[in-house]
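Student: Quick one: the structure is below, questions incoming.
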Amino acid sequence: MTYEEFYYSIDCRFPYHQECEWKRIIDQSIEIGEDAPFLVLHEICRVPASEKLEQAKHLEMYKYWKQSFASPVQDIVEAASLSYINKTEITDSQALDIMEKLSAFPKSYNALQVVLFACPDDDELVDEKYENIVAVWKSAS
């Protein structure tokens, strides 16, 4: 399965209440590689309003995702990921710092999006930073 096929297979269809299935998807994302595991992280973090998920189950899903593979990006994006799960926000300043660290890992688009949506972005500086990093990554490929 290609990254694009994988994306369309889980976008707005993530099985939050089917543990065997979400574990399979996490494992599959790791096999696909690239940014696929962080696409899954994005789905894990941004639970749709139509879905109800207990925090303990949400944390269990995140912990399974995190222990399933190793990447320095995991630790960089963790504060933003946990802010979603805990229904809090990181500050714009924290988001900018995290994005600066992520900029060293080209094509980490989904990790970058998790950070973008984890803060209030009151002055739209975080969105601007996001756009700048994406532009740099795209110009380098």
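Ordering of the structure tokens sets the chain letters (A, B, ...); residue numbers start at 1 within each chain; ligands are numbered from 1 in the order shown.
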I'd like the neighbourhood of segment 118-126 of chain A as a PDB file with N, CA and C atoms, in the first residue's frame, where a residue qualifies if any of its atoms comes within 9 Å (using only C-alpha atoms), though same-chain residues fewer than 5 positions away should be ignored.

Tutor:
```pdb
ATOM      1  N   ALA A  80       2.913  18.511  22.298  1.00  0.00           N
ATOM      2  CA  ALA A  80       1.737  18.877  21.510  1.00  0.00           C
ATOM      3  C   ALA A  80       0.740  17.717  21.456  1.00  0.00           C
ATOM      4  N   SER A  81       1.239  16.509  21.288  1.00  0.00           N
ATOM      5  CA  SER A  81       0.366  15.327  21.238  1.00  0.00           C
ATOM      6  C   SER A  81      -0.406  15.169  22.541  1.00  0.00           C
ATOM      7  N   SER A  83      -1.055  17.414  24.718  1.00  0.00           N
ATOM      8  CA  SER A  83      -1.991  18.513  24.954  1.00  0.00           C
ATOM      9  C   SER A  83      -3.354  18.196  24.338  1.00  0.00           C
ATOM     10  N   TYR A  84      -3.357  17.570  23.175  1.00  0.00           N
ATOM     11  CA  TYR A  84      -4.626  17.126  22.576  1.00  0.00           C
ATOM     12  C   TYR A  84      -5.334  16.127  23.469  1.00  0.00           C
ATOM     13  N   THR A  88      -5.911  20.181  26.470  1.00  0.00           N
ATOM     14  CA  THR A  88      -5.313  21.463  26.843  1.00  0.00           C
ATOM     15  C   THR A  88      -4.633  22.028  25.594  1.00  0.00           C
ATOM     16  N   GLU A  89      -3.978  23.135  25.723  1.00  0.00           N
ATOM     17  CA  GLU A  89      -3.220  23.712  24.619  1.00  0.00           C
ATOM     18  C   GLU A  89      -1.811  24.014  25.085  1.00  0.00           C
ATOM     19  N   ILE A  90      -0.876  23.945  24.161  1.00  0.00           N
ATOM     20  CA  ILE A  90       0.461  24.458  24.434  1.00  0.00           C
ATOM     21  C   ILE A  90       0.426  25.938  24.061  1.00  0.00           C
ATOM     22  N   THR A  91       1.400  26.693  24.520  1.00  0.00           N
ATOM     23  CA  THR A  91       1.434  28.117  24.175  1.00  0.00           C
ATOM     24  C   THR A  91       1.967  28.281  22.745  1.00  0.00           C
ATOM     25  N   ASP A  92       1.692  29.428  22.175  1.00  0.00           N
ATOM     26  CA  ASP A  92       2.223  29.717  20.845  1.00  0.00           C
ATOM     27  C   ASP A  92       3.751  29.665  20.860  1.00  0.00           C
ATOM     28  N   SER A  93       4.340  30.158  21.926  1.00  0.00           N
ATOM     29  CA  SER A  93       5.795  30.145  22.059  1.00  0.00           C
ATOM     30  C   SER A  93       6.328  28.702  22.068  1.00  0.00           C
ATOM     31  N   GLN A  94       5.658  27.832  22.819  1.00  0.00           N
ATOM     32  CA  GLN A  94       6.065  26.421  22.830  1.00  0.00           C
ATOM     33  C   GLN A  94       5.931  25.820  21.430  1.00  0.00           C
ATOM     34  N   ALA A  95       4.839  26.122  20.764  1.00  0.00           N
ATOM     35  CA  ALA A  95       4.611  25.591  19.420  1.00  0.00           C
ATOM     36  C   ALA A  95       5.718  26.042  18.460  1.00  0.00           C
ATOM     37  N   LEU A  96       6.087  27.301  18.541  1.00  0.00           N
ATOM     38  CA  LEU A  96       7.153  27.816  17.678  1.00  0.00           C
ATOM     39  C   LEU A  96       8.476  27.114  17.962  1.00  0.00           C
ATOM     40  N   MET A  99       8.228  23.587  16.525  1.00  0.00           N
ATOM     41  CA  MET A  99       8.325  23.638  15.065  1.00  0.00           C
ATOM     42  C   MET A  99       9.757  23.876  14.603  1.00  0.00           C
ATOM     43  N   GLN A 113       1.727  19.430  11.719  1.00  0.00           N
ATOM     44  CA  GLN A 113       0.308  19.779  11.852  1.00  0.00           C
ATOM     45  C   GLN A 113      -0.212  19.548  13.261  1.00  0.00           C
ATOM     46  N   GLU A 131       3.873  27.400   7.510  1.00  0.00           N
ATOM     47  CA  GLU A 131       3.947  27.629   6.055  1.00  0.00           C
ATOM     48  C   GLU A 131       5.399  27.797   5.598  1.00  0.00           C
TER      49      GLU A 131
END
```

Student: Determine which residues of chain A receive a DSSP assignment of alpha helix (DSSP H), computed from the backbone, and state them as a ChimeraX atom specification.

Tutor: /A:3-10,19-32,36-45,55-67,72-85,92-102,109-116,125-140

Student: Let's have the selection written as a compact mmCIF listing (two decimals), in the first residue's frame, with C-alpha atoms.

Tutor:
```txt
# COMPACT_ATOMS: atom_id res chain seq x y z
CA TYR A 3 1.32 6.35 1.52
CA GLU A 4 -1.51 7.99 -0.44
CA GLU A 5 -3.66 4.84 -0.37
CA PHE A 6 -2.98 4.52 3.34
CA TYR A 7 -3.96 8.14 3.91
CA TYR A 8 -7.33 7.68 2.21
CA SER A 9 -7.95 4.40 4.01
CA ILE A 10 -7.80 6.05 7.45
CA GLU A 19 -8.34 -1.87 19.52
CA CYS A 20 -7.21 -4.69 17.22
CA GLU A 21 -7.86 -2.49 14.22
CA TRP A 22 -6.09 0.65 15.47
CA LYS A 23 -3.10 -1.46 16.50
CA ARG A 24 -3.02 -2.98 13.02
CA ILE A 25 -3.13 0.50 11.46
CA ILE A 26 -0.30 1.73 13.67
CA ASP A 27 1.81 -1.29 12.72
CA GLN A 28 0.96 -0.82 9.05
CA SER A 29 1.98 2.85 9.18
CA ILE A 30 5.40 1.84 10.44
CA GLU A 31 5.81 -0.61 7.54
CA ILE A 32 4.86 2.13 5.05
CA ALA A 36 2.78 7.54 7.78
CA PRO A 37 3.29 6.93 11.53
CA PHE A 38 2.76 10.65 12.12
CA LEU A 39 -0.34 10.61 9.93
CA VAL A 40 -1.64 8.05 12.43
CA LEU A 41 -0.52 10.26 15.31
CA HIS A 42 -2.52 13.09 13.77
CA GLU A 43 -5.61 10.83 13.67
CA ILE A 44 -5.00 9.68 17.24
CA CYS A 45 -4.63 13.22 18.56
CA GLN A 55 -8.90 9.69 28.23
CA ALA A 56 -7.43 6.41 29.55
CA LYS A 57 -8.16 4.70 26.20
CA HIS A 58 -6.79 7.71 24.35
CA LEU A 59 -3.55 7.55 26.35
CA GLU A 60 -3.34 3.78 25.81
CA MET A 61 -3.58 4.32 22.04
CA TYR A 62 -0.90 7.01 22.14
CA LYS A 63 1.43 4.89 24.29
CA TYR A 64 1.05 1.93 21.93
CA TRP A 65 1.85 4.20 18.98
CA LYS A 66 4.91 5.65 20.74
CA GLN A 67 6.39 2.32 21.83
CA PRO A 72 13.50 11.54 17.43
CA VAL A 73 10.39 13.30 16.09
CA GLN A 74 8.24 11.43 18.62
CA ASP A 75 9.88 13.15 21.56
CA ILE A 76 9.89 16.54 19.87
CA VAL A 77 6.14 16.45 19.20
CA GLU A 78 5.12 14.77 22.47
CA ALA A 79 4.07 17.91 24.34
CA ALA A 80 1.74 18.88 21.51
CA SER A 81 0.37 15.33 21.24
CA LEU A 82 -0.35 15.10 24.94
CA SER A 83 -1.99 18.51 24.95
CA TYR A 84 -4.63 17.13 22.58
CA ILE A 85 -5.18 14.01 24.63
CA ASP A 92 2.22 29.72 20.84
CA SER A 93 5.79 30.15 22.06
CA GLN A 94 6.06 26.42 22.83
CA ALA A 95 4.61 25.59 19.42
CA LEU A 96 7.15 27.82 17.68
CA ASP A 97 10.01 26.16 19.60
CA ILE A 98 8.73 22.68 18.72
CA MET A 99 8.32 23.64 15.07
CA GLU A 100 11.87 24.98 14.96
CA LYS A 101 13.12 21.59 16.21
CA LEU A 102 10.90 19.74 13.72
CA TYR A 109 4.27 17.27 7.74
CA ASN A 110 1.85 15.49 10.05
CA ALA A 111 3.98 16.04 13.14
CA LEU A 112 4.11 19.70 12.19
CA GLN A 113 0.31 19.78 11.85
CA VAL A 114 -0.17 18.25 15.29
CA VAL A 115 1.81 21.17 16.69
CA LEU A 116 -0.04 23.73 14.56
CA LEU A 125 2.69 33.39 13.97
CA VAL A 126 2.49 29.61 14.32
CA ASP A 127 0.63 29.26 11.03
CA GLU A 128 3.22 31.49 9.38
CA LYS A 129 6.04 29.36 10.81
CA TYR A 130 4.26 26.22 9.59
CA GLU A 131 3.95 27.63 6.06
CA ASN A 132 7.61 28.71 6.02
CA ILE A 133 8.88 25.29 7.09
CA VAL A 134 6.67 23.50 4.55
CA ALA A 135 7.92 25.83 1.80
CA VAL A 136 11.55 25.10 2.71
CA TRP A 137 10.92 21.33 2.72
CA LYS A 138 9.13 21.45 -0.62
CA SER A 139 11.84 23.57 -2.25
CA ALA A 140 14.50 21.09 -1.12
```

Student: What does the structure give for the distance between atom CA of Thr2 of chain A and atom CA of Ala49 of chain A, in Å to one decimal?

Tutor: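 Atom CA of Ala49 of chain A lies at a distance of 28.5 Å from atom CA of Thr2 of chain A.
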
Student: Expressed in Å to a single decimal, how great is the separation between atom CA of Cys12 of chain A and atom CA of Ala104 of chain A?

Tutor: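 According to the coordinates, atom CA of Cys12 of chain A and atom CA of Ala104 of chain A are separated by 29.0 Å.
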
Student: Measuring between only C-alpha atoms, which one of A:Ser68, A:Phe14, A:Arg46, A:Ser141 shows the shortest distance to Phe117 of chain A?

Tutor: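 For Phe117 of chain A, the nearest of the given residues is A:Arg46.
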
Student: Report, in Å to a single decimal, how far apart atom CA of Gly33 of chain A and atom CA of Pro106 of chain A are.

Tutor: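 So the answer is 13.7 Å.
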